[in-house]
2 protein chains.
Amino acid sequence: MNQQTECPLQEAENHPKAEALLGKSDDPRVVIIGGGFAGVELAKSLANTKVQVVMIDRLNYHTFQPLLYQVATAGIEPSSIVYPFRKIFESQSNFFFRMADALAVDTKLQMVETSIGFVHYDYLVIASGATTNFYGNQEIQKKAIAIKNLDDALALRNTILTNFEKALQIRDEVHLNSLMDFVIVGGGPTGVEIAGALSELKKFVFPKDYPELNFVNMDIHLIQSGPQLLKGMSDEAASKAKTFLQDAGVKLWLNCRVKSYDGFKVELDTGESLCTRTLIWAAGVSGKVIDGLAESSITGGNRLIVDDYSVVHGYENVFAIGDIAAMKTTLHKDGLPMMAQPAMQQGAWLGKNIQRLLAKEKRKPFHYRDQGSMATIGRNKAVADLNIFGKTFRTQGFKAWFIWMFVHLISLIGFRNRLMVMINWMWSYFTYDTGIRLIIGKKKENTPVEKMTEKVEI
Amino acid sequence: MNQQTECPLQEAENHPKAEALLGKSDDPRVVIIGGGFAGVELAKSLANTKVQVVMIDRLNYHTFQPLLYQVATAGIEPSSIVYPFRKIFESQSNFFFRMADALAVDTKLQMVETSIGFVHYDYLVIASGATTNFYGNQEIQKKAIAIKNLDDALALRNTILTNFEKALQIRDEVHLNSLMDFVIVGGGPTGVEIAGALSELKKFVFPKDYPELNFVNMDIHLIQSGPQLLKGMSDEAASKAKTFLQDAGVKLWLNCRVKSYDGFKVELDTGESLCTRTLIWAAGVSGKVIDGLAESSITGGNRLIVDDYSVVHGYENVFAIGDIAAMKTTLHKDGLPMMAQPAMQQGAWLGKNIQRLLAKEKRKPFHYRDQGSMATIGRNKAVADLNIFGKTFRTQGFKAWFIWMFVHLISLIGFRNRLMVMINWMWSYFTYDTGIRLIIGKKKENTPVEKMTEKVEI
């Protein structure tokens with residue numbers, strides 16, 4: 001991956017540990033790679049444990065991924081769904097943070113190489129999460145926009161808005177449609193939520209912003225490889241989500257896959273094709289494995305094989321939690337779903353298990369409490385399959401939408417963020433408007449508009 | 001400037017006007033270059049006039065520049081101080097917006113060339129504002145951070161925070177200080193406000209975020225070429241601002257200029273030098289003049305010479321308002337100050353004058369109503385020189401600080417932005433905390449930290 005990783009740890013071996021910059025500690029050191037849901041919950045649960053917790057992340061903030069799609073669709077501020085690590089752990093004296101890329105691990109030396117230096121561990125917890133899976137299609141990877149982190153979400157927001165600014169300069173119908181049409185690949189919660197949010201922008205917001213454009217021309221396509229949306233949720237939820245989206249004017253392509261995309265034309269395996277400059281890729285994720293682990297510990301989807309105690313196959317003091325960990329159960333034969341819930345539960349549980357380990361007590365295996373899933377399509381419209389106290393409870397429409405909002409609000413970190421998101425939501429609900437239609441930062445430009453057309457009089 | 005401007009308008013001349021993409025209109029067209037305070041007020045005041053208003057700006061949003069320094073110091077969200085043009089003018093049917101760079105003007109053809117096409121005008125209003133003035137020093141321009149637009153402010157925020165993340169890896173004292181020290185050049189309101197905000201971060205916020213660093217090492221230097229701060233304000237205000245800053249630990253360098261800066265060492269004209277990786281340049285601005293105007297219409301500070309009717313010297317239907325217009329008065333021999341107030345007043349007034357012009361009535365000359373100036377240093381600390389109903393009113397301390405907040409809040413565009421900023425301010429006031437300590441987007445890296453030090457154990 002990185003040139004530095006070729007012989008990463010020889011220097012470290014010769015390096016006297018006493019010179020380490022981190023505060024010296026007699027307590028064992030737990031190094032956590034990644035500050036997602038799993039990493040943060042783990043670090044929190046180690047607050048009163050006699051360990052030194054070192055978290056490594058390439059960003060200085062935790063991202064609440066379930067609401068990234070609202071940043072992408074100009075609904076909420078980026079700062080409302082992210083939270084600086086240093087602030088989360090401000091009063092936890094055994095917590096240390098380093099902003100760095102984790103490059104490689106040497107399990108014999110018990111060292112992690114990062115972009116800023118080496119760090120020794122007694123216990124290593126890999127919570128590096130997942131990245132967008134383009135299934136090896138390099139062209140799509142280059143031309144499509146993913147929506148897995150804040151950079152992606154902002155790039156998508158900027159691209160959507162820039163498209164309409166460009167559309168004002170275009171007479172040619174094919175080029176115009178390519179700017180005003182959006183193709184979303186993947187019918188999971190993210191794909192469904194983006195499609196729903198775009199259809200609301202089309203209905204309530206864009207016609208006011210761009211009275212010169214005809215929004216009959218704006219098509220939103222949602223492509224799903226399987227026969228129904230929201231795989232993993234109930235048939236009831238899936239079919240209601242389908243109805244909601246169709247009512248909102250979203251064009252659904254079920255049992256359909258994208259074969260290729262050149263930045264303009266999307267070729268489908270049905271032989272049909274669509275034109276768009278904006279292909280939103282929400283079709284899958286795969287684990288982000290660090291260099292230096294044995295091949296035999298890696299399984300399908302680039303995830304790490306772990307036992308019921310989250311110990312990575314073949315190691316003793318290396319754990320994996322969250323999306324990166326393929327923990328297989330009787331219900332989930334390929335590993336637990338790559339979602340916030342299992343990650344948070346594993347983080348909190350592993351903290352307790354590390355305490356038991358240090359106290360030389362018997363560790364407990366992980367048991368996943370599935371509390372259900374939800375997806376929202378638009379105002380007053382969501383679907384929810386919930387498990388409450390062991391009882392299944394399914395609802396669609398307003399009630400589900402209200403529950404969705406409540407659950408997401410209380411899950412955000414920090415009172416300030418909850419307040420800000422709530423104000424934004426209430427504002428949008430009553431004004432039918434979104435606040436953040438700003439083009440700030442980078443965007444994806446598949447063929448600049450200058451190349452589409454002559455420079456003419458405005 | 002731009003290669004395309006070499007012979008910009010020959011194409012346009014041959015281009016049939018009937019094909020123009022903008023809605024055809026029998027009303028005369030007013031083209032406004034720039035959507036700052038002047039441009040926005042002008043466009044608003046033309047709402048019910050029989051003209052077609054076309055605004056051209058390279059961004060899709062208006063920026064409330066007086067609060068940029070709070071974005072730079074992690075106090076408020078960028079989205080709270082900017083506002084999309086399309087939303088401001090959503091209900092103004094004679095308003096058209098184009099996101100583009102204005103490249104050149106041909107006053108004979110009455111055409112503006114932009115990055116996306118040509119636009120014909122009947123009346124042209126240049127409200128392109130000002131840019132940072134580095135007084136020709138290319139090295140400083142390359143290595144320093146300005147604070148004139150949102151990109152600058154975000155780059156400064158990211159740089160400040162990244163510096164401390166890097167400082168954790170440094171043992172060498174000189175390098176450590178270069179990361180933890182900040183040098184601000186320019187003792188006007190922006191320089192004073194940044195210095196004050198940094199000193200509050202040093203006192204209340206950073207020690208909690210970085211318990212591993214010793215903030216005795218963090219020095220804030222403010223360099224001012226003249227003998228006192230806040231030139232143009234009263235002696236009372238200037239001397240109180242000095243006291244406030246000194247009490248806050250800011251090191252003041254009066255009667256002092258920066259000779260050179262290489263990204264590390266700041267050489268002063270006194271022979272002394274300071275070490276910093278972050279030189280914040282708030283030492284001056286100059287006008288942003290568009291290509292194609294006669295040299296004889298340009299005066300000192302790269303501003304356009306205008307008469308009392310804002311007509312640019314040598315032209316009839318070309319106006320200039322705001323920072324770019326050097327409107328000389330008996331009190332202001334070099335032109336009105338480059339601030340929000342004259343810009344807003346000129347914008348609103350020019351709209352009325354254009355109405356008079358169309359109605360063939362006599363136009364009125366501009367009269368500047370100076371309502372005073374303010375600057376804030378920190379919580380409960382500000383200075384204000386106010387002119388209310390012709391009376392001068394000077395105050396410093398809590399009262400000035402409260403007035404400063406009130407005036408800035410009501411000046412923001414949009415209820416939502418006012419609400420968001422107010423919540424942020426109240427939050428910071430009561431918690432002694434700032435919400436937005438996030439590293440998102442680009443930053444300025446003068447010598448990467450990897451080159452400062454060996455890659456050692458963390």
# chains A, B, ... in the order shown; residues from 1 in each chain; ligands from 1
call {"tool": "calpha_fit_rmsd", "arguments": {"fixed": "chain A", "moving": "chain B"}}
result
0.0 Å
call {"tool": "residues_around", "arguments": {"residues": "Val192 (chain A)", "least_positions_apart": "6", "cutoff": "12 Å", "atoms": "only C-alpha atoms", "output": "tab-separated table (two decimals) with all heavy atoms, in the first residue's frame"}}
result
chain	number	residue	atom	x	y	z
A	69	TYR	N	-26.11	11.09	4.71
A	69	TYR	CA	-26.93	11.37	3.53
A	69	TYR	C	-27.63	12.73	3.66
A	69	TYR	O	-27.92	13.37	2.66
A	69	TYR	CB	-27.94	10.24	3.29
A	69	TYR	CG	-29.23	10.38	4.04
A	69	TYR	CD1	-30.34	10.98	3.46
A	69	TYR	CD2	-29.34	9.95	5.36
A	69	TYR	CE1	-31.52	11.13	4.16
A	69	TYR	CE2	-30.50	10.10	6.06
A	69	TYR	CZ	-31.60	10.69	5.46
A	69	TYR	OH	-32.75	10.86	6.16
A	183	VAL	N	-28.42	8.94	-10.64
A	183	VAL	CA	-28.56	7.49	-10.56
A	183	VAL	C	-27.91	7.02	-9.26
A	183	VAL	O	-26.75	7.31	-9.00
A	183	VAL	CB	-27.91	6.80	-11.78
A	183	VAL	CG1	-28.00	5.28	-11.64
A	183	VAL	CG2	-28.59	7.25	-13.07
A	184	ILE	N	-28.71	6.32	-8.46
A	184	ILE	CA	-28.22	5.81	-7.18
A	184	ILE	C	-28.14	4.30	-7.29
A	184	ILE	O	-29.11	3.65	-7.68
A	184	ILE	CB	-29.18	6.21	-6.05
A	184	ILE	CG1	-29.33	7.72	-6.00
A	184	ILE	CG2	-28.70	5.66	-4.71
A	184	ILE	CD1	-30.69	8.18	-5.50
A	185	VAL	N	-26.99	3.75	-6.95
A	185	VAL	CA	-26.84	2.30	-7.02
A	185	VAL	C	-26.83	1.73	-5.62
A	185	VAL	O	-26.01	2.13	-4.78
A	185	VAL	CB	-25.53	1.91	-7.76
A	185	VAL	CG1	-25.49	0.41	-8.00
A	185	VAL	CG2	-25.42	2.66	-9.07
A	186	GLY	N	-27.74	0.82	-5.34
A	186	GLY	CA	-27.82	0.19	-4.03
A	186	GLY	C	-29.12	0.53	-3.33
A	186	GLY	O	-29.38	1.70	-3.03
A	198	LEU	N	-33.50	13.33	-2.30
A	198	LEU	CA	-33.42	14.02	-3.59
A	198	LEU	C	-34.81	14.33	-4.13
A	198	LEU	O	-35.06	15.40	-4.69
A	198	LEU	CB	-32.64	13.19	-4.61
A	198	LEU	CG	-31.11	13.26	-4.54
A	198	LEU	CD1	-30.48	12.28	-5.51
A	198	LEU	CD2	-30.62	14.69	-4.83
A	199	SER	N	-35.74	13.40	-3.94
A	199	SER	CA	-37.08	13.65	-4.46
A	199	SER	C	-37.76	14.79	-3.70
A	199	SER	O	-38.56	15.53	-4.27
A	199	SER	CB	-37.92	12.37	-4.43
A	199	SER	OG	-38.32	12.08	-3.11
A	220	ILE	N	-34.78	10.69	-10.89
A	220	ILE	CA	-33.99	10.02	-9.85
A	220	ILE	C	-34.18	8.52	-10.03
A	220	ILE	O	-35.29	8.01	-9.93
A	220	ILE	CB	-34.48	10.44	-8.45
A	220	ILE	CG1	-34.39	11.97	-8.32
A	220	ILE	CG2	-33.66	9.76	-7.36
A	220	ILE	CD1	-35.34	12.54	-7.28
A	221	HIS	N	-33.08	7.84	-10.36
A	221	HIS	CA	-33.13	6.40	-10.59
A	221	HIS	C	-32.48	5.68	-9.40
A	221	HIS	O	-31.42	6.10	-8.95
A	221	HIS	CB	-32.36	6.03	-11.85
A	221	HIS	CG	-32.88	6.69	-13.09
A	221	HIS	ND1	-33.94	6.20	-13.81
A	221	HIS	CD2	-32.49	7.82	-13.73
A	221	HIS	CE1	-34.18	6.99	-14.85
A	221	HIS	NE2	-33.32	7.99	-14.83
A	222	LEU	N	-33.12	4.62	-8.95
A	222	LEU	CA	-32.53	3.80	-7.89
A	222	LEU	C	-32.38	2.37	-8.41
A	222	LEU	O	-33.36	1.74	-8.80
A	222	LEU	CB	-33.41	3.84	-6.64
A	222	LEU	CG	-32.93	3.01	-5.44
A	222	LEU	CD1	-31.56	3.46	-4.96
A	222	LEU	CD2	-33.92	3.09	-4.29
A	223	ILE	N	-31.15	1.90	-8.41
A	223	ILE	CA	-30.85	0.58	-8.98
A	223	ILE	C	-30.53	-0.42	-7.87
A	223	ILE	O	-29.67	-0.15	-7.03
A	223	ILE	CB	-29.66	0.68	-9.96
A	223	ILE	CG1	-30.05	1.59	-11.13
A	223	ILE	CG2	-29.25	-0.69	-10.46
A	223	ILE	CD1	-28.94	1.88	-12.08
A	224	GLN	N	-31.23	-1.54	-7.89
A	224	GLN	CA	-31.02	-2.55	-6.85
A	224	GLN	C	-30.82	-3.90	-7.51
A	224	GLN	O	-31.60	-4.30	-8.38
A	224	GLN	CB	-32.26	-2.54	-5.92
A	224	GLN	CG	-32.45	-3.75	-5.06
A	224	GLN	CD	-31.40	-3.87	-3.94
A	224	GLN	OE1	-30.26	-3.38	-4.07
A	224	GLN	NE2	-31.77	-4.52	-2.87
A	228	GLN	N	-35.91	-6.97	-4.16
A	228	GLN	CA	-36.57	-5.97	-3.31
A	228	GLN	C	-35.58	-5.08	-2.58
A	228	GLN	O	-34.40	-5.38	-2.45
A	228	GLN	CB	-37.57	-6.61	-2.35
A	228	GLN	CG	-36.98	-7.47	-1.26
A	228	GLN	CD	-38.06	-7.96	-0.30
A	228	GLN	OE1	-39.21	-8.15	-0.69
A	228	GLN	NE2	-37.69	-8.18	0.95
A	229	LEU	N	-36.11	-3.94	-2.11
A	229	LEU	CA	-35.29	-2.96	-1.42
A	229	LEU	C	-35.04	-3.42	0.02
A	229	LEU	O	-35.66	-4.36	0.50
A	229	LEU	CB	-36.00	-1.60	-1.40
A	229	LEU	CG	-36.34	-0.99	-2.75
A	229	LEU	CD1	-37.25	0.22	-2.58
A	229	LEU	CD2	-35.06	-0.58	-3.48
A	230	LEU	N	-34.13	-2.72	0.70
A	230	LEU	CA	-33.89	-2.88	2.13
A	230	LEU	C	-33.74	-4.33	2.56
A	230	LEU	O	-34.44	-4.81	3.45
A	230	LEU	CB	-35.03	-2.21	2.91
A	230	LEU	CG	-35.18	-0.70	2.69
A	230	LEU	CD1	-36.43	-0.19	3.38
A	230	LEU	CD2	-33.96	0.06	3.17
A	231	LYS	N	-32.82	-5.01	1.88
A	231	LYS	CA	-32.52	-6.41	2.20
A	231	LYS	C	-32.25	-6.54	3.71
A	231	LYS	O	-31.53	-5.73	4.28
A	231	LYS	CB	-31.28	-6.83	1.41
A	231	LYS	CG	-31.14	-8.31	1.18
A	231	LYS	CD	-29.86	-8.59	0.40
A	231	LYS	CE	-29.17	-9.83	0.96
A	231	LYS	NZ	-27.83	-10.01	0.38
A	237	ALA	N	-41.90	-3.85	5.28
A	237	ALA	CA	-41.10	-2.62	5.20
A	237	ALA	C	-40.61	-2.40	3.77
A	237	ALA	O	-40.70	-1.28	3.24
A	237	ALA	CB	-39.90	-2.70	6.15
A	238	ALA	N	-40.10	-3.46	3.15
A	238	ALA	CA	-39.54	-3.34	1.80
A	238	ALA	C	-40.61	-2.88	0.82
A	238	ALA	O	-40.37	-1.98	0.00
A	238	ALA	CB	-38.95	-4.67	1.36
A	240	LYS	N	-43.44	-1.34	1.43
A	240	LYS	CA	-43.92	0.01	1.72
A	240	LYS	C	-42.89	1.06	1.27
A	240	LYS	O	-43.25	2.11	0.73
A	240	LYS	CB	-44.19	0.14	3.22
A	240	LYS	CG	-45.06	1.32	3.60
A	240	LYS	CD	-46.51	1.15	3.17
A	240	LYS	CE	-47.28	2.45	3.34
A	240	LYS	NZ	-48.69	2.33	2.93
A	241	ALA	N	-41.61	0.76	1.48
A	241	ALA	CA	-40.56	1.68	1.03
A	241	ALA	C	-40.64	1.86	-0.48
A	241	ALA	O	-40.50	2.97	-1.01
A	241	ALA	CB	-39.18	1.14	1.42
A	242	LYS	N	-40.91	0.75	-1.18
A	242	LYS	CA	-41.06	0.79	-2.63
A	242	LYS	C	-42.21	1.72	-3.03
A	242	LYS	O	-42.05	2.59	-3.90
A	242	LYS	CB	-41.33	-0.64	-3.13
A	242	LYS	CG	-41.26	-0.79	-4.62
A	242	LYS	CD	-41.45	-2.26	-5.00
A	242	LYS	CE	-41.89	-2.38	-6.45
A	242	LYS	NZ	-42.24	-3.76	-6.82
A	243	THR	N	-43.35	1.56	-2.35
A	243	THR	CA	-44.50	2.42	-2.64
A	243	THR	C	-44.18	3.89	-2.37
A	243	THR	O	-44.48	4.76	-3.18
A	243	THR	CB	-45.70	1.99	-1.78
A	243	THR	OG1	-45.84	0.58	-1.87
A	243	THR	CG2	-46.97	2.67	-2.24
A	244	PHE	N	-43.58	4.15	-1.22
A	244	PHE	CA	-43.23	5.53	-0.87
A	244	PHE	C	-42.34	6.15	-1.95
A	244	PHE	O	-42.55	7.28	-2.38
A	244	PHE	CB	-42.48	5.59	0.47
A	244	PHE	CG	-43.36	5.44	1.69
A	244	PHE	CD1	-42.87	4.81	2.84
A	244	PHE	CD2	-44.66	5.94	1.72
A	244	PHE	CE1	-43.64	4.69	3.98
A	244	PHE	CE2	-45.45	5.82	2.86
A	244	PHE	CZ	-44.95	5.19	4.00
A	245	LEU	N	-41.34	5.40	-2.38
A	245	LEU	CA	-40.40	5.94	-3.37
A	245	LEU	C	-41.08	6.16	-4.72
A	245	LEU	O	-40.88	7.19	-5.36
A	245	LEU	CB	-39.19	5.02	-3.54
A	245	LEU	CG	-38.16	5.06	-2.40
A	245	LEU	CD1	-37.12	3.96	-2.58
A	245	LEU	CD2	-37.46	6.43	-2.35
A	246	GLN	N	-41.90	5.20	-5.11
A	246	GLN	CA	-42.60	5.34	-6.40
A	246	GLN	C	-43.57	6.52	-6.37
A	246	GLN	O	-43.66	7.29	-7.32
A	246	GLN	CB	-43.32	4.04	-6.76
A	246	GLN	CG	-42.35	3.00	-7.30
A	246	GLN	CD	-42.97	1.63	-7.49
A	246	GLN	OE1	-43.91	1.27	-6.76
A	246	GLN	NE2	-42.45	0.86	-8.43
A	248	ALA	N	-43.12	9.12	-4.73
A	248	ALA	CA	-42.29	10.33	-4.76
A	248	ALA	C	-41.66	10.53	-6.13
A	248	ALA	O	-40.90	11.48	-6.34
A	248	ALA	CB	-41.21	10.24	-3.69
A	250	VAL	N	-39.57	8.42	-7.73
A	250	VAL	CA	-38.27	7.77	-7.95
A	250	VAL	C	-38.46	6.57	-8.89
A	250	VAL	O	-39.41	5.80	-8.74
A	250	VAL	CB	-37.67	7.30	-6.61
A	250	VAL	CG1	-36.39	6.48	-6.83
A	250	VAL	CG2	-37.39	8.50	-5.72
A	251	LYS	N	-37.56	6.44	-9.88
A	251	LYS	CA	-37.66	5.31	-10.80
A	251	LYS	C	-36.84	4.15	-10.29
A	251	LYS	O	-35.63	4.26	-10.15
A	251	LYS	CB	-37.18	5.75	-12.19
A	251	LYS	CG	-38.14	6.81	-12.70
A	251	LYS	CD	-37.91	7.27	-14.10
A	251	LYS	CE	-39.06	8.22	-14.43
A	251	LYS	NZ	-38.72	9.25	-15.38
A	252	LEU	N	-37.52	3.04	-10.02
A	252	LEU	CA	-36.85	1.89	-9.44
A	252	LEU	C	-36.46	0.88	-10.50
A	252	LEU	O	-37.23	0.58	-11.40
A	252	LEU	CB	-37.78	1.20	-8.43
A	252	LEU	CG	-38.12	2.01	-7.18
A	252	LEU	CD1	-39.07	1.23	-6.30
A	252	LEU	CD2	-36.86	2.36	-6.40
A	280	ILE	N	-24.28	7.82	-7.86
A	280	ILE	CA	-24.06	7.72	-6.41
A	280	ILE	C	-23.98	6.25	-6.04
A	280	ILE	O	-24.91	5.48	-6.29
A	280	ILE	CB	-25.21	8.42	-5.65
A	280	ILE	CG1	-25.29	9.89	-6.10
A	280	ILE	CG2	-25.00	8.31	-4.15
A	280	ILE	CD1	-26.58	10.59	-5.72
A	281	TRP	N	-22.86	5.86	-5.50
A	281	TRP	CA	-22.58	4.45	-5.27
A	281	TRP	C	-22.80	4.08	-3.80
A	281	TRP	O	-22.02	4.45	-2.93
A	281	TRP	CB	-21.12	4.15	-5.67
A	281	TRP	CG	-20.81	2.69	-5.75
A	281	TRP	CD1	-20.17	1.94	-4.81
A	281	TRP	CD2	-21.13	1.80	-6.83
A	281	TRP	NE1	-20.05	0.65	-5.23
A	281	TRP	CE2	-20.63	0.53	-6.47
A	281	TRP	CE3	-21.79	1.95	-8.04
A	281	TRP	CZ2	-20.77	-0.58	-7.29
A	281	TRP	CZ3	-21.92	0.84	-8.86
A	281	TRP	CH2	-21.42	-0.41	-8.49
A	282	ALA	N	-23.89	3.39	-3.54
A	282	ALA	CA	-24.19	2.94	-2.17
A	282	ALA	C	-24.45	1.45	-2.20
A	282	ALA	O	-25.37	0.94	-1.55
A	282	ALA	CB	-25.40	3.71	-1.64
A	283	ALA	N	-23.64	0.74	-3.00
A	283	ALA	CA	-23.96	-0.65	-3.31
A	283	ALA	C	-23.21	-1.67	-2.46
A	283	ALA	O	-23.42	-2.87	-2.64
A	283	ALA	CB	-23.67	-0.92	-4.79
A	374	MET	N	-34.31	0.55	10.51
A	374	MET	CA	-35.22	1.59	10.05
A	374	MET	C	-34.64	2.24	8.80
A	374	MET	O	-33.45	2.22	8.57
A	374	MET	CB	-35.33	2.68	11.12
A	374	MET	CG	-36.11	2.27	12.34
A	374	MET	SD	-36.25	3.65	13.48
A	374	MET	CE	-34.68	3.53	14.30
A	375	ALA	N	-35.51	2.85	8.03
A	375	ALA	CA	-35.06	3.71	6.92
A	375	ALA	C	-36.13	4.77	6.71
A	375	ALA	O	-37.32	4.51	6.88
A	375	ALA	CB	-34.86	2.89	5.65
A	376	THR	N	-35.69	5.97	6.37
A	376	THR	CA	-36.66	7.04	6.15
A	376	THR	C	-36.67	7.42	4.68
A	376	THR	O	-35.63	7.39	4.01
A	376	THR	CB	-36.34	8.25	7.05
A	376	THR	OG1	-37.37	9.21	6.86
A	376	THR	CG2	-35.03	8.89	6.68
A	377	ILE	N	-37.83	7.74	4.15
A	377	ILE	CA	-37.93	8.11	2.74
A	377	ILE	C	-38.16	9.61	2.58
A	377	ILE	O	-37.66	10.22	1.65
A	377	ILE	CB	-39.03	7.30	2.02
A	377	ILE	CG1	-38.60	5.84	1.92
A	377	ILE	CG2	-39.29	7.82	0.62
A	377	ILE	CD1	-39.06	4.97	3.04
A	378	GLY	N	-38.87	10.19	3.53
A	378	GLY	CA	-39.11	11.62	3.43
A	378	GLY	C	-40.00	12.07	4.57
A	378	GLY	O	-40.17	11.33	5.54
A	381	LYS	N	-42.62	9.86	6.30
A	381	LYS	CA	-42.55	8.57	5.64
A	381	LYS	C	-41.28	7.81	6.01
A	381	LYS	O	-40.18	8.23	5.65
A	381	LYS	CB	-42.57	8.75	4.12
A	381	LYS	CG	-43.93	9.06	3.55
A	381	LYS	CD	-43.80	9.33	2.07
A	381	LYS	CE	-45.03	10.04	1.55
A	381	LYS	NZ	-44.71	10.87	0.39
A	382	ALA	N	-41.45	6.72	6.74
A	382	ALA	CA	-40.32	5.86	7.04
A	382	ALA	C	-40.84	4.46	7.26
A	382	ALA	O	-42.05	4.24	7.33
A	382	ALA	CB	-39.58	6.37	8.28
A	383	VAL	N	-39.91	3.52	7.33
A	383	VAL	CA	-40.30	2.15	7.66
A	383	VAL	C	-39.42	1.69	8.81
A	383	VAL	O	-38.26	2.05	8.91
A	383	VAL	CB	-40.13	1.19	6.45
A	383	VAL	CG1	-41.09	1.59	5.33
A	383	VAL	CG2	-38.70	1.20	5.94
call {"tool": "closest_atom_pairs", "arguments": {"of": "region 138-222 of chain B", "to": "region 83-98 of chain A", "cutoff": "10 Å", "atoms": "only C-alpha atoms", "output": "CSV"}}
result
residue,atom,partner,partner_atom,distance
B:Glu165,CA,A:Arg98,CA,7.2
B:Lys166,CA,A:Arg98,CA,9.1
B:Leu168,CA,A:Arg98,CA,8.3
B:Gln169,CA,A:Arg98,CA,9.2
B:Val205,CA,A:Lys87,CA,9.6
B:Phe206,CA,A:Arg86,CA,9.8
B:Pro207,CA,A:Glu90,CA,9.8
B:Lys208,CA,A:Glu90,CA,6.1
B:Asp209,CA,A:Arg86,CA,5.3
B:Tyr210,CA,A:Arg86,CA,7.7
B:Pro211,CA,A:Glu90,CA,8.8
B:Glu212,CA,A:Phe96,CA,8.8
call {"tool": "write_last_selection", "arguments": {"atoms": "N, CA, C and O atoms", "output": "short mmCIF file (atom, residue, chain, number, x, y, z; two decimals), in the first residue's frame"}}
result
data_model
loop_
_atom_site.label_atom_id
_atom_site.label_comp_id
_atom_site.auth_asym_id
_atom_site.auth_seq_id
_atom_site.Cartn_x
_atom_site.Cartn_y
_atom_site.Cartn_z
N GLU B 165 -1.94 18.92 16.91
CA GLU B 165 -1.82 17.47 16.72
C GLU B 165 -0.37 17.12 16.40
O GLU B 165 0.17 16.12 16.88
N LYS B 166 0.27 17.96 15.58
CA LYS B 166 1.67 17.72 15.23
C LYS B 166 2.60 17.96 16.43
O LYS B 166 3.58 17.25 16.61
N LEU B 168 2.37 17.27 19.37
CA LEU B 168 2.48 16.11 20.24
C LEU B 168 3.64 15.20 19.87
O LEU B 168 4.11 14.41 20.68
N GLN B 169 4.10 15.30 18.62
CA GLN B 169 5.14 14.41 18.14
C GLN B 169 6.53 15.05 18.21
O GLN B 169 7.49 14.45 17.74
N VAL B 205 -9.82 26.44 26.22
CA VAL B 205 -10.17 25.27 25.42
C VAL B 205 -9.00 24.30 25.19
O VAL B 205 -9.07 23.12 25.50
N PHE B 206 -7.89 24.84 24.65
CA PHE B 206 -6.81 23.95 24.25
C PHE B 206 -6.22 23.13 25.40
O PHE B 206 -5.90 21.96 25.21
N PRO B 207 -6.05 23.70 26.61
CA PRO B 207 -5.47 22.88 27.68
C PRO B 207 -6.33 21.64 27.99
O PRO B 207 -5.80 20.61 28.40
N LYS B 208 -7.66 21.74 27.78
CA LYS B 208 -8.51 20.57 28.00
C LYS B 208 -8.34 19.56 26.87
O LYS B 208 -8.35 18.36 27.09
N ASP B 209 -8.18 20.08 25.63
CA ASP B 209 -8.04 19.19 24.48
C ASP B 209 -6.68 18.51 24.44
O ASP B 209 -6.57 17.38 23.99
N TYR B 210 -5.67 19.23 24.85
CA TYR B 210 -4.30 18.72 24.74
C TYR B 210 -3.61 18.74 26.09
O TYR B 210 -2.67 19.51 26.30
N PRO B 211 -4.04 17.88 27.02
CA PRO B 211 -3.42 17.90 28.35
C PRO B 211 -1.94 17.54 28.29
O PRO B 211 -1.20 17.82 29.22
N GLU B 212 -1.50 16.93 27.17
CA GLU B 212 -0.09 16.55 27.07
C GLU B 212 0.81 17.73 26.71
O GLU B 212 2.02 17.63 26.80
#
call {"tool": "atom_distance", "arguments": {"atom1": "CA of Leu357 (chain A)", "atom2": "CA of Gly300 (chain A)"}}
result
29.4 Å
call {"tool": "select_by_dssp", "arguments": {"residues": "region 142-372 of chain B", "states": "alpha helix (DSSP H)", "output": "ChimeraX atom specification"}}
result
/B:142-143,150-167,173-180,189-200,206-209,235-247,340-358
call {"tool": "atom_distance", "arguments": {"atom1": "CA of Lys360 (chain B)", "atom2": "CA of Val112 (chain B)"}}
result
25.7 Å
